[in-house]
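data.cif, holding mmCIF, C-alpha atoms:
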data_input
loop_
_atom_site.label_atom_id
_atom_site.label_comp_id
_atom_site.auth_asym_id
_atom_site.auth_seq_id
_atom_site.Cartn_x
_atom_site.Cartn_y
_atom_site.Cartn_z
CA MET A 1 -13.58 -16.66 105.32
CA THR A 2 -12.19 -20.04 104.28
CA VAL A 3 -8.59 -20.93 103.58
CA GLU A 4 -9.62 -21.62 99.96
CA THR A 5 -10.97 -18.07 99.56
CA VAL A 6 -7.90 -16.44 101.09
CA SER A 7 -5.50 -18.59 99.08
CA LEU A 8 -7.39 -17.72 95.89
CA PHE A 9 -7.18 -14.01 96.76
CA LEU A 10 -3.43 -14.30 97.35
CA ALA A 11 -3.07 -16.27 94.12
CA LEU A 12 -4.88 -13.53 92.18
CA LEU A 13 -2.57 -10.94 93.73
CA ALA A 14 0.37 -13.10 92.60
CA VAL A 15 -0.99 -13.09 89.05
CA VAL A 16 -1.15 -9.28 89.12
CA ALA A 17 2.43 -9.22 90.44
CA GLU A 18 3.53 -11.50 87.61
CA LEU A 19 1.78 -9.35 85.01
CA ALA A 20 3.36 -6.18 86.41
CA THR A 21 6.80 -7.80 86.42
CA ALA A 22 6.39 -9.14 82.90
CA THR A 23 5.26 -5.70 81.68
CA ALA A 24 8.29 -4.10 83.30
CA VAL A 25 10.64 -6.62 81.67
CA VAL A 26 9.05 -6.03 78.25
CA LEU A 27 9.40 -2.26 78.65
CA ALA A 28 12.96 -2.52 79.96
CA VAL A 29 14.16 -4.80 77.18
CA GLY A 30 11.91 -3.52 74.40
CA GLY A 31 12.78 0.07 75.22
CA ARG A 32 16.34 -0.59 74.07
CA PHE A 33 15.12 -1.41 70.58
CA SER A 34 11.92 0.56 70.12
CA PRO A 35 11.61 4.33 70.66
CA ALA A 36 7.88 3.90 71.27
CA LEU A 37 8.53 1.39 74.05
CA ALA A 38 11.29 3.64 75.41
CA ARG A 39 8.76 6.48 75.66
CA LEU A 40 6.30 4.18 77.38
CA ARG A 41 9.03 3.02 79.74
CA ARG A 42 9.86 6.59 80.69
CA GLN A 43 6.20 7.38 81.28
CA ALA A 44 5.83 4.29 83.45
CA VAL A 45 8.94 5.14 85.45
CA GLU A 46 7.76 8.74 85.92
CA ALA A 47 4.34 7.54 87.04
CA VAL A 48 5.36 4.70 89.35
CA GLY A 49 8.87 5.81 90.36
CA PRO A 50 7.95 8.29 93.12
CA SER A 51 5.87 5.61 94.84
CA ALA A 52 7.96 2.57 93.89
CA LEU A 53 9.60 2.13 97.30
CA SER A 54 6.25 2.50 99.06
CA LEU A 55 4.68 -0.02 96.70
CA ALA A 56 7.57 -2.44 97.29
CA GLY A 57 7.00 -2.04 101.03
CA VAL A 58 3.30 -2.80 100.58
CA VAL A 59 4.15 -5.93 98.56
CA ALA A 60 6.50 -7.08 101.34
CA VAL A 61 3.78 -6.48 103.96
CA VAL A 62 1.22 -8.46 101.92
CA CYS A 63 3.70 -11.33 101.41
CA MET A 64 4.50 -11.41 105.12
CA ALA A 65 0.82 -11.31 106.06
CA GLY A 66 0.07 -14.08 103.58
CA SER A 67 2.81 -16.33 104.91
CA LEU A 68 1.70 -15.71 108.50
CA TYR A 69 -1.88 -16.49 107.49
CA PHE A 70 -0.84 -19.83 105.98
CA SER A 71 1.18 -20.84 109.04
CA GLU A 72 -0.81 -19.34 111.92
CA VAL A 73 -4.40 -19.44 110.67
CA ALA A 74 -4.47 -22.22 108.07
CA HIS A 75 -1.92 -24.21 110.13
CA PHE A 76 0.32 -25.16 107.21
CA PRO A 77 3.65 -25.62 108.96
CA PRO A 78 6.49 -23.92 107.05
CA CYS A 79 9.23 -26.22 105.78
CA HIS A 80 12.88 -25.19 106.03
CA LEU A 81 12.89 -23.63 102.54
CA CYS A 82 9.79 -21.62 103.50
CA TRP A 83 11.70 -20.38 106.54
CA LEU A 84 14.63 -19.30 104.39
CA GLN A 85 12.25 -17.32 102.17
CA ARG A 86 10.75 -15.74 105.28
CA PHE A 87 14.23 -14.72 106.43
CA CYS A 88 14.52 -12.78 103.17
CA MET A 89 10.98 -11.36 102.99
CA TYR A 90 10.31 -10.27 106.58
CA PRO A 91 13.28 -7.90 106.93
CA LEU A 92 12.13 -6.16 103.75
CA VAL A 93 9.16 -4.78 105.68
CA PRO A 94 11.23 -2.64 108.12
CA ILE A 95 13.93 -1.92 105.54
CA LEU A 96 11.50 -0.60 102.94
CA GLY A 97 9.41 1.05 105.66
CA PHE A 98 12.50 2.91 106.77
CA ALA A 99 13.25 3.92 103.18
CA VAL A 100 9.76 5.32 102.76
CA TRP A 101 9.84 7.09 106.13
CA ARG A 102 13.22 8.71 105.44
CA ARG A 103 12.46 9.23 101.75
CA SER A 104 15.81 7.71 101.06
CA GLY A 105 16.79 5.19 98.44
CA ARG A 106 20.03 4.32 100.22
CA VAL A 107 18.69 1.02 101.50
CA ARG A 108 17.89 -0.16 97.98
CA PRO A 109 21.01 -2.35 97.59
CA TYR A 110 20.26 -4.20 100.86
CA ALA A 111 16.61 -4.68 99.95
CA LEU A 112 17.62 -5.79 96.47
CA ALA A 113 20.12 -8.33 97.83
CA LEU A 114 17.49 -9.83 100.14
CA ALA A 115 14.88 -9.94 97.39
CA VAL A 116 17.25 -11.57 94.89
CA ILE A 117 18.36 -14.21 97.42
CA GLY A 118 14.71 -14.84 98.32
CA ALA A 119 13.76 -15.15 94.65
CA CYS A 120 16.55 -17.70 94.11
CA ILE A 121 15.34 -19.80 97.06
CA SER A 122 11.74 -19.56 95.81
CA THR A 123 12.84 -20.65 92.34
CA TYR A 124 14.60 -23.69 93.79
CA HIS A 125 11.54 -24.49 95.93
CA VAL A 126 9.24 -24.26 92.90
CA ALA A 127 11.60 -26.53 90.93
CA LEU A 128 11.62 -28.97 93.86
CA GLU A 129 7.84 -29.13 93.77
CA HIS A 130 8.04 -30.25 90.15
CA HIS A 131 10.98 -32.58 90.77
CA PRO A 132 10.58 -33.99 94.29
CA GLU A 133 13.32 -36.52 93.53
CA TRP A 134 15.89 -33.69 93.68
CA GLU A 135 15.48 -33.56 97.44
CA SER A 136 15.06 -37.25 98.09
CA SER A 137 13.12 -40.26 96.85
CA VAL A 138 11.18 -40.45 100.11
CA CYS A 139 8.74 -38.24 101.97
CA ASP A 140 9.58 -37.23 105.48
CA PRO A 141 6.37 -38.13 107.33
CA LYS A 142 6.45 -34.78 109.15
CA ASN A 143 6.93 -31.86 106.77
CA PRO A 144 8.77 -32.34 103.49
CA CYS A 145 9.62 -29.31 101.33
CA THR A 146 8.02 -31.07 98.39
CA LEU A 147 4.59 -30.99 99.99
CA ILE A 148 2.26 -28.78 97.98
CA TRP A 149 -0.18 -27.26 100.49
CA VAL A 150 -1.90 -24.92 98.07
CA LYS A 151 -2.25 -25.02 94.29
CA ARG A 152 -4.51 -22.38 92.77
CA LEU A 153 -5.25 -21.58 89.13
CA GLY A 154 -3.36 -24.71 88.17
CA TYR A 155 0.13 -23.52 89.08
CA LEU A 156 0.20 -21.07 91.99
CA THR A 157 1.71 -22.81 94.99
CA ILE A 158 2.99 -20.99 98.09
CA PRO A 159 6.61 -20.75 96.80
CA THR A 160 5.31 -19.60 93.40
CA MET A 161 3.40 -16.81 95.13
CA ALA A 162 6.54 -15.93 97.11
CA LEU A 163 8.57 -15.84 93.89
CA SER A 164 5.98 -13.50 92.35
CA GLY A 165 6.28 -11.23 95.40
CA PHE A 166 10.08 -11.18 95.31
CA ALA A 167 10.03 -10.52 91.55
CA LEU A 168 7.67 -7.57 91.96
CA ILE A 169 9.78 -6.11 94.77
CA ILE A 170 12.90 -6.41 92.60
CA THR A 171 11.00 -4.74 89.74
CA LEU A 172 9.83 -1.87 91.94
CA LEU A 173 13.33 -1.36 93.33
CA ALA A 174 14.59 -1.19 89.75
CA VAL A 175 11.88 1.32 88.85
CA SER A 176 12.81 3.44 91.88
CA TRP A 177 16.47 3.28 90.84
CA ALA A 178 15.59 4.18 87.23
CA TYR A 179 13.47 7.08 88.44
CA ASP A 180 16.39 8.55 90.36
CA ARG A 181 18.44 8.42 87.20
CA LEU A 182 15.93 9.98 84.83
CA GLU A 183 17.11 13.03 82.98
CA PRO A 184 16.22 15.95 85.23
CA PRO A 185 13.56 18.35 84.05
CA ALA A 186 14.57 21.85 82.95
CA PRO A 187 16.72 23.59 85.63
CA SER A 188 14.08 26.27 86.23
CA ASP A 189 11.62 23.56 87.31
CA HIS A 190 13.37 22.71 90.56
CA PRO A 191 15.95 24.21 92.88
CA ALA A 192 19.51 22.96 92.87
CA PRO A 193 20.59 20.81 95.81
CA ALA A 194 22.03 22.81 98.68
CA ALA A 195 24.88 20.53 99.66
CA PRO A 196 25.54 17.24 97.88
CA SER A 197 26.21 14.96 100.84
CA GLY A 198 25.53 11.58 99.21
CA ARG A 199 23.91 9.69 96.45
CA ALA A 200 20.24 8.87 96.50
CA GLY A 201 20.73 5.19 96.01
CA MET B 202 22.41 7.38 107.98
CA ALA B 203 22.05 11.03 107.08
CA THR B 204 18.72 12.63 107.82
CA THR B 205 17.93 14.29 104.50
CA LYS B 206 19.43 13.74 101.15
CA PRO B 207 19.42 16.00 98.16
CA LYS B 208 17.88 13.93 95.42
CA SER B 209 19.20 13.75 91.94
CA GLY B 210 17.21 14.64 88.86
CA ALA B 211 13.61 13.72 88.80
CA VAL B 212 13.41 12.65 92.46
CA ALA B 213 13.74 16.22 93.60
CA ALA B 214 11.17 17.28 91.05
CA ALA B 215 8.85 14.61 92.35
CA ARG B 216 8.82 16.24 95.77
CA LYS B 217 5.78 17.90 94.33
CA LYS B 218 2.74 16.13 95.67
CA GLN B 219 2.07 12.99 93.65
CA PRO B 220 -1.49 12.61 92.45
CA PRO B 221 -3.14 9.75 94.35
CA TRP B 222 -4.35 7.95 91.20
CA LEU B 223 -1.71 5.25 91.52
CA TRP B 224 -2.76 4.31 95.04
CA ILE B 225 -6.43 4.54 94.13
CA GLY B 226 -5.74 2.19 91.21
CA VAL B 227 -3.84 -0.29 93.41
CA ALA B 228 -6.61 -0.23 96.03
CA GLY B 229 -9.22 -0.73 93.30
CA VAL B 230 -7.42 -3.76 91.85
CA VAL B 231 -6.99 -5.31 95.32
CA LEU B 232 -10.67 -4.73 96.08
CA LEU B 233 -11.69 -6.25 92.76
CA LEU B 234 -9.57 -9.36 93.40
CA ALA B 235 -10.97 -9.72 96.91
CA VAL B 236 -14.52 -9.58 95.55
CA ALA B 237 -13.63 -12.11 92.82
CA ALA B 238 -12.12 -14.51 95.40
CA ILE B 239 -15.13 -14.23 97.72
CA ALA B 240 -17.63 -14.54 94.86
CA SER B 241 -15.99 -17.68 93.56
CA GLY B 242 -16.30 -19.15 97.05
CA GLY B 243 -12.74 -20.38 96.74
CA SER B 244 -14.14 -23.88 96.47
CA GLY B 245 -11.59 -26.56 95.86
CA LYS B 246 -11.73 -29.20 98.58
CA LYS B 247 -13.43 -32.39 97.51
CA LYS B 248 -15.86 -33.91 100.00
CA PRO B 249 -15.72 -37.68 100.45
CA ALA B 250 -18.84 -39.63 99.44
CA ALA B 251 -21.36 -40.58 102.12
CA GLY B 252 -20.46 -43.74 104.04
CA VAL B 253 -16.84 -43.42 103.08
CA GLU B 254 -14.41 -42.71 105.92
CA GLN B 255 -10.79 -41.79 105.36
CA THR B 256 -9.61 -43.21 108.66
CA ARG B 257 -10.95 -46.31 110.41
CA PRO B 258 -10.23 -48.05 113.71
CA VAL B 259 -7.34 -50.49 113.49
CA THR B 260 -6.44 -53.34 115.86
CA VAL B 261 -2.87 -54.58 116.13
CA THR B 262 -1.96 -57.98 117.57
CA GLY B 263 1.62 -59.10 118.17
CA SER B 264 4.88 -57.21 118.44
CA SER B 265 5.41 -54.11 116.36
CA LEU B 266 8.37 -54.02 114.01
CA VAL B 267 11.22 -51.69 114.84
CA GLU B 268 11.28 -48.52 112.73
CA LEU B 269 13.18 -48.92 109.46
CA PRO B 270 16.44 -46.98 109.87
CA THR B 271 16.65 -44.07 107.43
CA THR B 272 20.44 -44.26 107.44
CA GLY B 273 20.52 -47.54 105.55
CA GLY B 274 22.43 -50.63 106.64
CA ASP B 275 20.94 -53.93 107.80
CA ASP B 276 17.26 -53.98 108.59
CA PRO B 277 16.84 -55.17 112.19
CA ALA B 278 13.29 -56.34 111.41
CA GLU B 279 14.35 -58.76 108.69
CA GLY B 280 13.33 -62.29 109.66
CA LYS B 281 10.95 -60.99 112.36
CA GLU B 282 7.30 -61.97 112.38
CA ILE B 283 4.89 -59.23 111.33
CA PRO B 284 2.14 -58.02 113.63
CA GLU B 285 -1.41 -58.89 112.60
CA VAL B 286 -3.49 -55.86 111.73
CA THR B 287 -7.27 -55.80 111.52
CA GLY B 288 -9.05 -52.88 109.93
CA GLN B 289 -11.38 -51.73 107.18
CA SER B 290 -11.32 -50.19 103.79
CA PHE B 291 -12.63 -46.65 103.21
CA ASP B 292 -16.12 -48.03 102.64
CA GLY B 293 -16.05 -50.27 105.71
CA THR B 294 -15.13 -53.54 103.97
CA PRO B 295 -12.95 -55.60 106.36
CA VAL B 296 -9.28 -55.66 105.44
CA ASP B 297 -7.02 -57.85 107.56
CA ILE B 298 -3.27 -58.34 107.20
CA ARG B 299 -2.64 -61.66 108.90
CA ASN B 300 -0.10 -64.45 109.07
CA ASP B 301 -2.26 -66.60 106.84
CA GLY B 302 0.56 -68.55 105.23
CA ARG B 303 0.47 -66.42 102.06
CA PRO B 304 3.37 -64.27 100.91
CA LYS B 305 2.42 -60.62 100.71
CA LEU B 306 3.58 -57.16 99.79
CA ILE B 307 2.29 -54.26 101.85
CA LEU B 308 2.48 -50.72 100.51
CA PHE B 309 1.98 -47.76 102.85
CA VAL B 310 1.05 -44.48 101.16
CA ALA B 311 0.14 -40.96 102.22
CA HIS B 312 -2.22 -38.99 99.99
CA TRP B 313 -0.20 -35.77 100.38
CA CYS B 314 3.22 -37.28 99.62
CA PRO B 315 4.40 -36.33 96.10
CA HIS B 316 6.47 -39.51 95.87
CA CYS B 317 3.41 -41.64 96.64
CA GLN B 318 1.50 -39.61 94.06
CA ARG B 319 4.09 -40.71 91.47
CA GLU B 320 4.50 -44.29 92.69
CA VAL B 321 0.84 -45.31 92.81
CA PRO B 322 0.00 -44.58 89.14
CA LEU B 323 3.30 -46.16 88.07
CA LEU B 324 2.49 -49.40 89.88
CA ALA B 325 -1.19 -49.31 88.93
CA LYS B 326 -0.23 -49.21 85.26
CA TYR B 327 2.42 -51.90 85.73
CA LEU B 328 0.09 -54.25 87.58
CA LYS B 329 -2.52 -54.07 84.82
CA SER B 330 -0.28 -56.03 82.49
CA ASN B 331 2.08 -57.62 85.03
CA PRO B 332 0.15 -59.36 87.79
CA LEU B 333 2.05 -60.37 90.92
CA PRO B 334 3.39 -63.96 91.04
CA LYS B 335 0.68 -66.49 91.81
CA GLY B 336 -0.08 -66.70 95.50
CA VAL B 337 1.40 -63.30 96.40
CA ASP B 338 -1.07 -60.81 97.86
CA LEU B 339 -0.78 -57.06 97.65
CA TYR B 340 -2.19 -54.82 100.37
CA THR B 341 -2.20 -51.07 100.66
CA VAL B 342 -2.46 -49.01 103.81
CA ALA B 343 -3.53 -45.38 103.37
CA THR B 344 -2.02 -43.70 106.37
CA ALA B 345 -1.03 -40.26 107.74
CA THR B 346 -4.36 -39.01 106.43
CA ALA B 347 -5.06 -35.35 107.16
CA SER B 348 -7.91 -33.36 105.66
CA ALA B 349 -5.86 -30.15 105.80
CA ARG B 350 -3.13 -31.65 103.63
CA PRO B 351 -3.13 -31.72 99.83
CA ASN B 352 -4.72 -34.36 97.60
CA TYR B 353 -7.37 -35.21 100.21
CA PRO B 354 -9.28 -37.52 100.40
CA PRO B 355 -7.11 -40.60 99.79
CA SER B 356 -10.14 -42.69 98.77
CA ALA B 357 -10.78 -40.39 95.79
CA TRP B 358 -7.10 -40.24 94.89
CA LEU B 359 -6.62 -44.03 94.84
CA ALA B 360 -9.86 -44.50 92.90
CA LYS B 361 -8.75 -41.90 90.36
CA GLU B 362 -5.45 -43.73 89.89
CA GLY B 363 -7.28 -47.03 89.32
CA TRP B 364 -5.69 -48.67 92.35
CA LYS B 365 -7.25 -52.10 92.76
CA ALA B 366 -5.39 -53.66 95.70
CA PRO B 367 -7.31 -54.06 98.98
CA THR B 368 -6.68 -50.87 100.92
CA MET B 369 -6.85 -50.43 104.64
CA ALA B 370 -7.71 -46.97 105.95
CA ASP B 371 -5.28 -46.50 108.84
CA SER B 372 -6.45 -45.02 112.13
CA ASP B 373 -6.09 -41.35 113.03
CA ASP B 374 -2.99 -42.18 115.06
CA ALA B 375 -1.51 -44.34 112.26
CA LYS B 376 -1.55 -47.58 114.28
CA ALA B 377 -0.92 -49.83 111.27
CA ALA B 378 1.98 -47.72 110.00
CA ASN B 379 3.58 -47.59 113.44
CA ALA B 380 3.14 -51.35 113.91
CA PHE B 381 5.11 -51.97 110.72
CA GLY B 382 7.88 -49.50 111.61
CA LEU B 383 7.22 -46.92 108.90
CA SER B 384 9.87 -44.20 108.73
CA ALA B 385 9.12 -42.51 105.37
CA PHE B 386 6.79 -42.67 102.37
CA PRO B 387 6.14 -44.62 100.24
CA TYR B 388 6.94 -47.67 102.36
CA PHE B 389 7.06 -51.30 101.22
CA VAL B 390 7.12 -54.39 103.42
CA ALA B 391 7.71 -57.78 101.79
CA VAL B 392 6.52 -60.73 103.88
CA ASN B 393 7.09 -64.43 103.12
CA GLY B 394 4.64 -67.28 103.60
CA SER B 395 5.85 -67.80 107.17
CA GLY B 396 4.76 -64.29 108.06
CA LYS B 397 8.34 -63.07 108.38
CA VAL B 398 9.75 -59.83 106.96
CA VAL B 399 12.06 -60.51 104.01
CA ALA B 400 12.58 -56.90 102.95
CA ARG B 401 11.50 -53.35 103.76
CA THR B 402 12.20 -50.26 101.75
CA THR B 403 11.12 -46.64 101.51
CA GLY B 404 10.91 -44.19 98.65
CA GLU B 405 9.98 -44.43 95.02
CA ILE B 406 11.00 -47.69 93.41
CA THR B 407 11.01 -48.82 89.81
CA THR B 408 8.70 -51.51 88.50
CA ASP B 409 11.69 -53.87 88.30
CA GLU B 410 12.46 -53.25 91.96
CA PHE B 411 8.80 -53.83 92.76
CA ALA B 412 8.88 -57.14 90.88
CA GLY B 413 12.07 -58.02 92.78
CA LEU B 414 10.34 -57.37 96.10
CA ALA B 415 7.41 -59.55 95.05
CA ALA B 416 9.81 -62.34 94.08
CA LYS B 417 11.53 -62.08 97.46
CA THR B 418 8.27 -62.86 99.25
CA LEU B 419 8.35 -66.32 97.66
CA GLY B 420 11.73 -67.18 99.20
CA ASN B 421 12.85 -68.08 102.74
CA LYS B 422 9.78 -70.10 103.53
#

Represent the structure from my file as structure tokens, please.
Amino acid sequence: MTVETVSLFLALLAVVAELATATAVVLAVGGRFSPALARLRRQAVEAVGPSALSLAGVVAVVCMAGSLYFSEVAHFPPCHLCWLQRFCMYPLVPILGFAVWRRSGRVRPYALALAVIGACISTYHVALEHHPEWESSVCDPKNPCTLIWVKRLGYLTIPTMALSGFALIITLLAVSWAYDRLEPPAPSDHPAPAAPSGRAG
Amino acid sequence: MATTKPKSGAVAAARKKQPPWLWIGVAGVVLLLAVAAIASGGSGKKKPAAGVEQTRPVTVTGSSLVELPTTGGDDPAEGKEIPEVTGQSFDGTPVDIRNDGRPKLILFVAHWCPHCQREVPLLAKYLKSNPLPKGVDLYTVATATASARPNYPPSAWLAKEGWKAPTMADSDDAKAANAFGLSAFPYFVAVNGSGKVVARTTGEITTDEFAGLAAKTLGNK
């Protein structure tokens, strides 16, 4: 399988991530103004919420695998901004894995902090690709951050894909958080907690 | 961290087994995208035309220039004689940069460098209506060429930008660039008629700065 094929596959995944994030934003914002969208939002949260942390973990695993593929198989050396994004993405794999294993949302704030920092770095990296003069007016002959190794579908570069991944993880964490705060079903539907020893998130 | 947590609201209710439709849907989408990527072949890399090579052997005669300091300050190579470099264009046409008594500007570019990608079209457009002063030659050296890097091959890139100056395809080990003391891209070396360096600079420059460099080559004979 060629690097072009794999990068196209990862780019298509990024498009799906962007669509999912955009849908979530529309439902979150639109739900405040439209009862129909609010209903849709609740249905979406009820459907995705129970698996949101697992899905976020899967997104982190795919992002990590993709970045390792680009550096170790395609031999695109990561620049220092790529490394900073890795520092944010890679820990999400064990953190979210732990959350899924323990069925606990308590790690959500830590995962969210990492994802938000990573998304900020990705955003800056994407901006730098469009404005290389922000970094410098020269190219380091070795490995400048402005070097665009991959560009698929006209706009999806490696930092853009990373930003899509971070955005989807943030969205899924928000869905998980919203799910925990949904109005509980009728009391007869589930037993009361035995001993409230902490919050879910 | 505590071992089990009582969940609030709907989380506890969701302890009921979730139907697997969500995961089946995710797996289906991923599979569909994988098939789409494989079916499209992921083609994207342009192949150079037959007989066109992106790197060519280069011969250097004379002393190499010291690397241009990236920290600024005086250029230690100013006033030094340039090495003579013999090579070929992408299509094999001989391109020699010699001490032939003619002032010259030498531009070193890398196909993957975003600053070079901005500088080349800027200068190409400028040179169409603003030729260099009479007697000043312009050479280009396409160096640091790597097929794995973006915007490959450099021959296609320079042709697309309408770049007309004689272009030397540097060797795999960038002999020409090293001989001229390149430290960053894009890289300009201004040489007077005596074959001595009058100025070197790196990075994107404006057309006025480019014209200034060209004018400098006519001085200090």

Shell of 12 Å around Pro94 in chain A, all atoms listed in the file, local chain residues under 6 positions omitted, as a ChimeraX atom specification: /A:53-54,56-58,60-61,64,88,100-102,107,110-111

Take the residues from that selection and put them in a file with C-alpha atoms, as a PDB file, in the coordinates of the input.
ATOM      1  CA  LEU A  53       9.600   2.130  97.300  1.00  0.00           C
ATOM      2  CA  SER A  54       6.250   2.500  99.060  1.00  0.00           C
ATOM      3  CA  ALA A  56       7.570  -2.440  97.290  1.00  0.00           C
ATOM      4  CA  GLY A  57       7.000  -2.040 101.030  1.00  0.00           C
ATOM      5  CA  VAL A  58       3.300  -2.800 100.580  1.00  0.00           C
ATOM      6  CA  ALA A  60       6.500  -7.080 101.340  1.00  0.00           C
ATOM      7  CA  VAL A  61       3.780  -6.480 103.960  1.00  0.00           C
ATOM      8  CA  MET A  64       4.500 -11.410 105.120  1.00  0.00           C
ATOM      9  CA  CYS A  88      14.520 -12.780 103.170  1.00  0.00           C
ATOM     10  CA  VAL A 100       9.760   5.320 102.760  1.00  0.00           C
ATOM     11  CA  TRP A 101       9.840   7.090 106.130  1.00  0.00           C
ATOM     12  CA  ARG A 102      13.220   8.710 105.440  1.00  0.00           C
ATOM     13  CA  VAL A 107      18.690   1.020 101.500  1.00  0.00           C
ATOM     14  CA  TYR A 110      20.260  -4.200 100.860  1.00  0.00           C
ATOM     15  CA  ALA A 111      16.610  -4.680  99.950  1.00  0.00           C
TER      16      ALA A 111
END

Answer key for the PyMOL selection byres ((chain A and resi 17) around 8), residues as a count of residues only: 12

Contacts of Thr403 in chain B at 9 Å (only C-alpha atoms; same-chain gap of 5+ positions) as a ChimeraX atom specification: /A:137-139 /B:269,271,383-390

Closest of A:Trp177, A:Phe9, A:Phe166, A:Phe87 to Cys120 in chain A - atom-to-atom distances counting all atoms listed in the file: A:Phe166

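Residues in contact with Thr341 in chain B at 10 Å, where all atoms listed in the file are counted and same-chain residues fewer than 2 positions away are skipped, are listed as Ser290, Val296, Ile298, Leu306, Ile307, Leu308, Phe309, Val310, Leu339, Ala343, Thr344, Trp364, Lys365, Ala366, Pro367, Thr368, Met369, Ala370, Asp371, Tyr388 and Phe389 of chain B.
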
Convert the current residue selection to file output with C-alpha atoms, as an mmCIF file, in the coordinates of the input.
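Written out: selection-v6.cif:
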data_model
loop_
_atom_site.group_PDB
_atom_site.id
_atom_site.type_symbol
_atom_site.label_atom_id
_atom_site.label_comp_id
_atom_site.auth_asym_id
_atom_site.auth_seq_id
_atom_site.Cartn_x
_atom_site.Cartn_y
_atom_site.Cartn_z
ATOM 1 C CA SER B 290 -11.320 -50.190 103.790
ATOM 2 C CA VAL B 296 -9.280 -55.660 105.440
ATOM 3 C CA ILE B 298 -3.270 -58.340 107.200
ATOM 4 C CA LEU B 306 3.580 -57.160 99.790
ATOM 5 C CA ILE B 307 2.290 -54.260 101.850
ATOM 6 C CA LEU B 308 2.480 -50.720 100.510
ATOM 7 C CA PHE B 309 1.980 -47.760 102.850
ATOM 8 C CA VAL B 310 1.050 -44.480 101.160
ATOM 9 C CA LEU B 339 -0.780 -57.060 97.650
ATOM 10 C CA ALA B 343 -3.530 -45.380 103.370
ATOM 11 C CA THR B 344 -2.020 -43.700 106.370
ATOM 12 C CA TRP B 364 -5.690 -48.670 92.350
ATOM 13 C CA LYS B 365 -7.250 -52.100 92.760
ATOM 14 C CA ALA B 366 -5.390 -53.660 95.700
ATOM 15 C CA PRO B 367 -7.310 -54.060 98.980
ATOM 16 C CA THR B 368 -6.680 -50.870 100.920
ATOM 17 C CA MET B 369 -6.850 -50.430 104.640
ATOM 18 C CA ALA B 370 -7.710 -46.970 105.950
ATOM 19 C CA ASP B 371 -5.280 -46.500 108.840
ATOM 20 C CA TYR B 388 6.940 -47.670 102.360
ATOM 21 C CA PHE B 389 7.060 -51.300 101.220
#

Residue IDs satisfying the PyMOL selection byres ((chain B and resi 420) around 10), as a VMD selection string: chain B and resid 304 392 to 395 399 415 to 419 421 to 422

Completion step: range 40-52 of chain A with N, CA and C atoms as a short mmCIF file (atom, residue, chain, number, x, y, z; two decimals), in the frame of the given file:
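What follows is the written file selection01.cif:
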data_model
loop_
_atom_site.label_atom_id
_atom_site.label_comp_id
_atom_site.auth_asym_id
_atom_site.auth_seq_id
_atom_site.Cartn_x
_atom_site.Cartn_y
_atom_site.Cartn_z
N LEU A 40 7.23 4.79 76.42
CA LEU A 40 6.30 4.18 77.38
C LEU A 40 7.00 3.87 78.70
N ARG A 41 8.24 3.37 78.55
CA ARG A 41 9.03 3.02 79.74
C ARG A 41 9.25 4.26 80.60
N ARG A 42 9.61 5.35 79.94
CA ARG A 42 9.86 6.59 80.69
C ARG A 42 8.59 7.07 81.39
N GLN A 43 7.47 6.97 80.66
CA GLN A 43 6.20 7.38 81.28
C GLN A 43 5.87 6.51 82.49
N ALA A 44 6.12 5.21 82.34
CA ALA A 44 5.83 4.29 83.45
C ALA A 44 6.72 4.60 84.65
N VAL A 45 7.99 4.84 84.36
CA VAL A 45 8.94 5.14 85.45
C VAL A 45 8.54 6.45 86.14
N GLU A 46 8.16 7.45 85.33
CA GLU A 46 7.76 8.74 85.92
C GLU A 46 6.49 8.60 86.76
N ALA A 47 5.61 7.70 86.32
CA ALA A 47 4.34 7.54 87.04
C ALA A 47 4.51 6.73 88.31
N VAL A 48 5.26 5.63 88.21
CA VAL A 48 5.36 4.70 89.35
C VAL A 48 6.56 5.04 90.24
N GLY A 49 7.62 5.57 89.64
CA GLY A 49 8.87 5.81 90.36
C GLY A 49 8.74 6.47 91.71
N PRO A 50 8.01 7.61 91.82
CA PRO A 50 7.95 8.29 93.12
C PRO A 50 7.36 7.41 94.22
N SER A 51 6.51 6.46 93.83
CA SER A 51 5.87 5.61 94.84
C SER A 51 6.43 4.19 94.85
N ALA A 52 7.48 3.95 94.07
CA ALA A 52 7.96 2.57 93.89
C ALA A 52 8.40 1.94 95.21
#
